[in-house]
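Source file: target_34.pdb. Holds: PDB, C-alpha atoms.
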ATOM      1  CA  MET F   1     109.006  75.054 142.546
ATOM      2  CA  ILE F   2     109.937  73.744 139.098
ATOM      3  CA  LYS F   3     107.212  71.090 139.349
ATOM      4  CA  LYS F   4     104.654  73.812 140.128
ATOM      5  CA  ILE F   5     105.709  75.731 137.015
ATOM      6  CA  GLN F   6     105.544  72.579 134.873
ATOM      7  CA  LYS F   7     102.025  71.795 136.150
ATOM      8  CA  SER F   8     100.872  75.390 135.710
ATOM      9  CA  ILE F   9      97.997  75.952 133.265
ATOM     10  CA  ALA F  10      99.669  79.087 131.892
ATOM     11  CA  VAL F  11     102.754  77.111 130.831
ATOM     12  CA  LYS F  12     100.569  74.525 129.086
ATOM     13  CA  VAL F  13      98.598  77.230 127.272
ATOM     14  CA  ILE F  14     101.795  78.939 126.132
ATOM     15  CA  ALA F  15     103.216  75.605 124.919
ATOM     16  CA  ILE F  16     100.046  74.879 122.914
ATOM     17  CA  LEU F  17     100.054  78.376 121.406
ATOM     18  CA  LEU F  18     103.706  78.016 120.380
ATOM     19  CA  LEU F  19     102.984  74.672 118.701
ATOM     20  CA  LEU F  20      99.986  76.127 116.861
ATOM     21  CA  ASN F  21     102.011  79.126 115.788
ATOM     22  CA  PHE F  22     104.774  76.867 114.435
ATOM     23  CA  ASN F  23     102.252  74.705 112.546
ATOM     24  CA  VAL F  24     100.521  77.731 110.993
ATOM     25  CA  ALA F  25     103.865  79.238 109.977
ATOM     26  CA  THR F  26     104.904  75.941 108.368
ATOM     27  CA  LEU F  27     101.587  75.703 106.516
ATOM     28  CA  LEU F  28     101.835  79.275 105.246
ATOM     29  CA  ALA F  29     105.444  78.892 104.147
ATOM     30  CA  SER F  30     104.676  75.753 102.161
ATOM     31  CA  GLY F  31     101.744  77.485 100.392
ATOM     32  CA  PHE F  32     103.946  80.023  98.560
ATOM     33  CA  ASP F  33     105.995  79.434  95.439
ATOM     34  CA  LYS F  34     108.957  81.343  94.133
ATOM     35  CA  VAL F  35     109.136  82.153  90.444
ATOM     36  CA  ILE F  36     111.716  83.976  88.355
ATOM     37  CA  LEU F  37     110.681  86.935  86.219
ATOM     38  CA  THR F  38     113.382  86.852  83.559
ATOM     39  CA  ALA F  39     115.377  89.789  82.246
ATOM     40  CA  GLY F  40     113.871  91.213  79.078
ATOM     41  CA  SER F  41     110.289  90.334  80.021
ATOM     42  CA  VAL F  42     107.885  92.973  78.711
ATOM     43  CA  ILE F  43     105.544  94.943  80.978
ATOM     44  CA  SER F  44     103.014  97.122  79.116
ATOM     45  CA  LEU F  45     102.451 100.517  80.729
ATOM     46  CA  GLU F  46     100.295 103.557  80.069
ATOM     47  CA  ASN F  47     100.182 107.063  81.480
ATOM     48  CA  PRO F  48      96.886 107.939  83.193
ATOM     49  CA  THR F  49      97.125 111.707  82.673
ATOM     50  CA  GLU F  50      98.416 114.081  80.042
ATOM     51  CA  ILE F  51     102.087 114.999  80.437
ATOM     52  CA  ASN F  52     103.038 118.501  79.256
ATOM     53  CA  SER F  53     106.541 120.008  79.089
ATOM     54  CA  GLU F  54     105.083 123.326  80.269
ATOM     55  CA  ASN F  55     104.663 122.109  83.851
ATOM     56  CA  LEU F  56     107.496 119.595  84.371
ATOM     57  CA  LEU F  57     110.824 119.756  86.198
ATOM     58  CA  VAL F  58     113.876 117.530  85.775
ATOM     59  CA  GLY F  59     113.831 114.879  88.520
ATOM     60  CA  GLN F  60     110.044 115.006  88.918
ATOM     61  CA  SER F  61     108.318 111.628  89.406
ATOM     62  CA  ILE F  62     105.746 110.499  86.870
ATOM     63  CA  ASP F  63     103.459 107.503  87.445
ATOM     64  CA  PHE F  64     102.529 104.958  84.802
ATOM     65  CA  ILE F  65     100.008 102.127  85.216
ATOM     66  CA  VAL F  66     100.521  98.445  84.345
ATOM     67  CA  GLN F  67      97.991  97.603  81.594
ATOM     68  CA  SER F  68      97.589  93.867  82.228
ATOM     69  CA  ASP F  69      98.627  91.198  84.716
ATOM     70  CA  VAL F  70     102.181  89.960  84.225
ATOM     71  CA  LYS F  71     102.353  86.184  84.688
ATOM     72  CA  VAL F  72     105.114  83.611  85.084
ATOM     73  CA  ASP F  73     104.111  79.939  84.877
ATOM     74  CA  GLY F  74     100.458  80.987  85.079
ATOM     75  CA  LYS F  75     101.000  82.921  88.322
ATOM     76  CA  VAL F  76     100.528  86.687  88.547
ATOM     77  CA  VAL F  77     103.768  88.442  89.525
ATOM     78  CA  VAL F  78     102.694  92.041  88.761
ATOM     79  CA  ASN F  79      99.050  93.052  89.119
ATOM     80  CA  ARG F  80      97.176  95.024  86.497
ATOM     81  CA  GLY F  81      96.855  98.605  87.758
ATOM     82  CA  SER F  82     100.153  98.561  89.672
ATOM     83  CA  ILE F  83     102.087 101.814  89.574
ATOM     84  CA  ALA F  84     105.358 102.017  87.637
ATOM     85  CA  ASN F  85     107.703 104.859  88.542
ATOM     86  CA  GLY F  86     109.201 107.194  85.975
ATOM     87  CA  VAL F  87     111.468 110.232  86.308
ATOM     88  CA  VAL F  88     111.719 113.311  84.095
ATOM     89  CA  THR F  89     115.294 113.303  82.741
ATOM     90  CA  ARG F  90     115.072 116.222  80.299
ATOM     91  CA  VAL F  91     112.538 119.004  79.790
ATOM     92  CA  GLN F  92     112.435 122.235  77.832
ATOM     93  CA  LYS F  93     109.449 124.548  77.682
ATOM     94  CA  ALA F  94     108.385 126.166  74.409
ATOM     95  CA  LYS F  95     110.178 129.476  73.844
ATOM     96  CA  GLY F  96     109.963 132.606  71.732
ATOM     97  CA  LEU F  97     111.045 132.634  68.099
ATOM     98  CA  GLY F  98     108.846 129.576  67.644
ATOM     99  CA  LYS F  99     111.191 127.204  69.517
ATOM    100  CA  GLU F 100     109.366 123.973  70.439
ATOM    101  CA  GLY F 101     109.263 122.327  73.857
ATOM    102  CA  SER F 102     110.579 118.835  74.554
ATOM    103  CA  LEU F 103     110.533 116.242  77.309
ATOM    104  CA  GLU F 104     112.069 112.897  78.165
ATOM    105  CA  ILE F 105     110.911 110.507  80.885
ATOM    106  CA  GLU F 106     112.744 107.352  81.949
ATOM    107  CA  ILE F 107     110.697 104.464  83.368
ATOM    108  CA  LYS F 108     112.590 103.141  86.406
ATOM    109  CA  SER F 109     110.685 100.387  88.258
ATOM    110  CA  VAL F 110     107.440  98.644  89.163
ATOM    111  CA  GLN F 111     106.428  96.662  92.259
ATOM    112  CA  ALA F 112     105.721  92.906  92.236
ATOM    113  CA  VAL F 113     102.869  91.234  94.162
ATOM    114  CA  ASP F 114     105.239  90.398  97.044
ATOM    115  CA  GLY F 115     106.556  93.968  97.276
ATOM    116  CA  THR F 116     109.800  93.298  95.402
ATOM    117  CA  GLU F 117     110.954  96.250  93.312
ATOM    118  CA  ILE F 118     111.443  95.234  89.678
ATOM    119  CA  ARG F 119     113.984  97.432  87.895
ATOM    120  CA  LEU F 120     113.183  98.263  84.295
ATOM    121  CA  THR F 121     115.793  99.003  81.636
ATOM    122  CA  SER F 122     116.215 102.494  80.292
ATOM    123  CA  THR F 123     112.795 102.676  78.709
ATOM    124  CA  LYS F 124     112.293 106.303  77.713
ATOM    125  CA  VAL F 125     109.344 108.384  76.634
ATOM    126  CA  SER F 126     110.462 111.288  74.434
ATOM    127  CA  GLU F 127     108.289 113.928  72.834
ATOM    128  CA  VAL F 128     108.960 117.168  70.971
ATOM    129  CA  GLY F 129     106.427 119.944  70.435
ATOM    130  CA  GLU F 130     105.688 121.669  67.146
ATOM    131  CA  ASP F 131     108.436 123.947  65.822
ATOM    132  CA  LYS F 132     107.017 127.352  64.811
ATOM    133  CA  GLN F 133     110.410 128.994  64.279
ATOM    134  CA  THR F 134     110.114 129.491  60.504
ATOM    135  CA  THR F 135     106.612 130.947  60.822
ATOM    136  CA  ALA F 136     107.669 133.302  63.618
ATOM    137  CA  ILE F 137     110.698 134.582  61.693
ATOM    138  CA  LEU F 138     108.840 135.073  58.392
ATOM    139  CA  LEU F 139     105.912 136.847  60.042
ATOM    140  CA  GLY F 140     108.306 138.907  62.161
ATOM    141  CA  VAL F 141     110.357 140.064  59.178
ATOM    142  CA  PHE F 142     107.551 140.688  56.683
ATOM    143  CA  ILE F 143     104.558 141.719  58.817
ATOM    144  CA  CYS F 144     105.384 142.786  62.375
ATOM    145  CA  ILE F 145     108.399 142.387  64.633
ATOM    146  CA  LEU F 146     106.095 141.249  67.479
ATOM    147  CA  PHE F 147     105.622 137.898  65.706
ATOM    148  CA  LEU F 148     109.190 137.073  66.771
ATOM    149  CA  THR F 149     107.808 136.523  70.284
ATOM    150  CA  LYS F 150     105.540 133.735  68.992
ATOM    151  CA  LYS F 151     106.204 130.551  70.957
ATOM    152  CA  GLY F 152     106.456 127.036  69.600
ATOM    153  CA  LYS F 153     104.248 124.271  70.998
ATOM    154  CA  ASN F 154     105.031 122.458  74.234
ATOM    155  CA  ALA F 155     105.698 118.729  74.061
ATOM    156  CA  VAL F 156     102.621 116.748  75.105
ATOM    157  CA  VAL F 157     102.244 113.035  75.831
ATOM    158  CA  PRO F 158      98.486 112.339  75.770
ATOM    159  CA  ASN F 159      96.822 110.304  78.508
ATOM    160  CA  GLY F 160      96.496 106.655  77.521
ATOM    161  CA  PHE F 161      99.896 106.673  75.770
ATOM    162  CA  THR F 162     101.357 103.151  76.009
ATOM    163  CA  ILE F 163     104.960 102.035  76.310
ATOM    164  CA  ASP F 164     106.609  98.682  76.966
ATOM    165  CA  GLY F 165     108.993  98.433  79.905
ATOM    166  CA  ARG F 166     111.566  95.636  79.925
ATOM    167  CA  VAL F 167     112.771  93.887  83.081
ATOM    168  CA  ALA F 168     116.454  94.749  83.650
ATOM    169  CA  SER F 169     117.561  91.530  85.395
ATOM    170  CA  ASN F 170     116.139  88.255  86.683
ATOM    171  CA  VAL F 171     113.971  88.793  89.769
ATOM    172  CA  GLU F 172     112.784  86.124  92.228
ATOM    173  CA  ILE F 173     109.186  86.751  93.295
ATOM    174  CA  THR F 174     107.144  84.925  95.927
ATOM    175  CA  VAL F 175     103.585  84.189  94.786
TER
END

Could you quickly redo this structure as structure tokens?
Amino acid sequence: MIKKIQKSIAVKVIAILLLLNFNVATLLASGFDKVILTAGSVISLENPTEINSENLLVGQSIDFIVQSDVKVDGKVVVNRGSIANGVVTRVQKAKGLGKEGSLEIEIKSVQAVDGTEIRLTSTKVSEVGEDKQTTAILLGVFICILFLTKKGKNAVVPNGFTIDGRVASNVEITV
């Protein structure tokens, strides 16, 4: 019975497929290099859309886009156009009495070409709107009390705003 199994065509086909699979896996594994993206490396980012304190919530995710390929030893480790993740850490909408709005966003991470998450240091985007408090009070006192309801300006980060993220710690990336 064992001799029949050994002479079987199916067993021979399976053996050949296993050998081919092993050879392909060995070839593929030898074709990849590992490089280290060092801590402190700069990754230039920009926001693709306007960010306004009027419509933000603390904890909300904000996407930024990598401006150019990030390379180590001539090999791309982060593709241009990759998405970097940011989180709103502080937000205040413009209020009455001319009080301005404000916002703060912390850039958290970006993804490498092999799917590795690259942590970025506490890179923050902060913006404060225009303070109209003095104008509102003066107009409210001297002209009409309704001017006291005048709001300040919301904080706005225009689309295309650029910021540099810095890699938090050394990261090994397969390229």

Straight-line distance linking atom CA of Phe32 of chain F with atom CA of Lys71 of chain F, stated in Å to one decimal: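 Atom-to-atom, atom CA of Phe32 of chain F to atom CA of Lys71 of chain F, that is 15.3 Å.
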
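In terms of minimum interatomic distance to Val35 of chain F, F:Val175 ranks closest within F:Ile107, F:Leu57, F:Val87, F:Val175, counting only C-alpha atoms.
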
Shell around Gly59 of chain F at 9 Å using all atoms listed in the file, local window under 4 positions removed, as a list of chain:residue names: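 The neighbour list is F:Val87, F:Val88, F:Thr89, F:Arg90.
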
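Counting only C-alpha atoms, the residue from F:Ser169, F:Gln92, F:Thr116, F:Asn154 that sits nearest to Val42 of chain F is F:Ser169.
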
Distance query 12 Å from (105.3, 110.6, 86.2) using all atoms listed in the file, result as a ChimeraX atom specification: /F:45-53,55-65,83-89,103-109,124-125,157,159

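Each of F:Ile36, F:Val167, F:Ala94, F:Ala112 was checked against Val72 of chain F using only C-alpha atoms; the smallest atom-to-atom distance is that of F:Ile36.
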
Atom-to-atom span, atom CA of Lys34 of chain F and atom CA of Thr162 of chain F, Å: 29.4 Å

Rebuild segment 34-52 of chain F to N, CA and C atoms - output it as a PDB file, in the frame of the given file, please.
ATOM      1  N   LYS F  34     108.060  80.300  94.640  1.00  0.00           N
ATOM      2  CA  LYS F  34     108.957  81.343  94.133  1.00  0.00           C
ATOM      3  C   LYS F  34     109.102  81.121  92.636  1.00  0.00           C
ATOM      4  N   VAL F  35     108.963  82.211  91.892  1.00  0.00           N
ATOM      5  CA  VAL F  35     109.136  82.153  90.444  1.00  0.00           C
ATOM      6  C   VAL F  35     110.151  83.215  90.036  1.00  0.00           C
ATOM      7  N   ILE F  36     110.722  83.028  88.867  1.00  0.00           N
ATOM      8  CA  ILE F  36     111.716  83.976  88.355  1.00  0.00           C
ATOM      9  C   ILE F  36     111.110  84.741  87.185  1.00  0.00           C
ATOM     10  N   LEU F  37     111.054  86.056  87.327  1.00  0.00           N
ATOM     11  CA  LEU F  37     110.681  86.935  86.219  1.00  0.00           C
ATOM     12  C   LEU F  37     111.988  87.243  85.498  1.00  0.00           C
ATOM     13  N   THR F  38     112.101  86.778  84.261  1.00  0.00           N
ATOM     14  CA  THR F  38     113.382  86.852  83.559  1.00  0.00           C
ATOM     15  C   THR F  38     113.658  88.232  82.972  1.00  0.00           C
ATOM     16  N   ALA F  39     114.933  88.532  82.859  1.00  0.00           N
ATOM     17  CA  ALA F  39     115.377  89.789  82.246  1.00  0.00           C
ATOM     18  C   ALA F  39     114.848  89.850  80.820  1.00  0.00           C
ATOM     19  N   GLY F  40     114.400  91.028  80.421  1.00  0.00           N
ATOM     20  CA  GLY F  40     113.871  91.213  79.078  1.00  0.00           C
ATOM     21  C   GLY F  40     112.375  91.013  78.973  1.00  0.00           C
ATOM     22  N   SER F  41     111.750  90.496  80.040  1.00  0.00           N
ATOM     23  CA  SER F  41     110.289  90.334  80.021  1.00  0.00           C
ATOM     24  C   SER F  41     109.643  91.695  79.818  1.00  0.00           C
ATOM     25  N   VAL F  42     108.548  91.715  79.056  1.00  0.00           N
ATOM     26  CA  VAL F  42     107.885  92.973  78.711  1.00  0.00           C
ATOM     27  C   VAL F  42     106.734  93.248  79.670  1.00  0.00           C
ATOM     28  N   ILE F  43     106.654  94.483  80.146  1.00  0.00           N
ATOM     29  CA  ILE F  43     105.544  94.943  80.978  1.00  0.00           C
ATOM     30  C   ILE F  43     104.941  96.154  80.276  1.00  0.00           C
ATOM     31  N   SER F  44     103.684  96.027  79.834  1.00  0.00           N
ATOM     32  CA  SER F  44     103.014  97.122  79.116  1.00  0.00           C
ATOM     33  C   SER F  44     102.492  98.154  80.105  1.00  0.00           C
ATOM     34  N   LEU F  45     102.816  99.416  79.833  1.00  0.00           N
ATOM     35  CA  LEU F  45     102.451 100.517  80.729  1.00  0.00           C
ATOM     36  C   LEU F  45     101.705 101.594  79.957  1.00  0.00           C
ATOM     37  N   GLU F  46     100.919 102.378  80.676  1.00  0.00           N
ATOM     38  CA  GLU F  46     100.295 103.557  80.069  1.00  0.00           C
ATOM     39  C   GLU F  46     100.272 104.690  81.080  1.00  0.00           C
ATOM     40  N   ASN F  47     100.256 105.931  80.556  1.00  0.00           N
ATOM     41  CA  ASN F  47     100.182 107.063  81.480  1.00  0.00           C
ATOM     42  C   ASN F  47      98.713 107.451  81.662  1.00  0.00           C
ATOM     43  N   PRO F  48      98.294 107.659  82.907  1.00  0.00           N
ATOM     44  CA  PRO F  48      96.886 107.939  83.193  1.00  0.00           C
ATOM     45  C   PRO F  48      96.476 109.388  82.956  1.00  0.00           C
ATOM     46  N   THR F  49      97.442 110.290  82.865  1.00  0.00           N
ATOM     47  CA  THR F  49      97.125 111.707  82.673  1.00  0.00           C
ATOM     48  C   THR F  49      98.036 112.297  81.604  1.00  0.00           C
ATOM     49  N   GLU F  50      97.600 113.399  81.044  1.00  0.00           N
ATOM     50  CA  GLU F  50      98.416 114.081  80.042  1.00  0.00           C
ATOM     51  C   GLU F  50      99.699 114.600  80.688  1.00  0.00           C
ATOM     52  N   ILE F  51     100.801 114.491  79.967  1.00  0.00           N
ATOM     53  CA  ILE F  51     102.087 114.999  80.437  1.00  0.00           C
ATOM     54  C   ILE F  51     102.482 116.133  79.498  1.00  0.00           C
ATOM     55  N   ASN F  52     102.770 117.318  80.061  1.00  0.00           N
ATOM     56  CA  ASN F  52     103.038 118.501  79.256  1.00  0.00           C
ATOM     57  C   ASN F  52     104.360 119.122  79.701  1.00  0.00           C
TER      58      ASN F  52
END
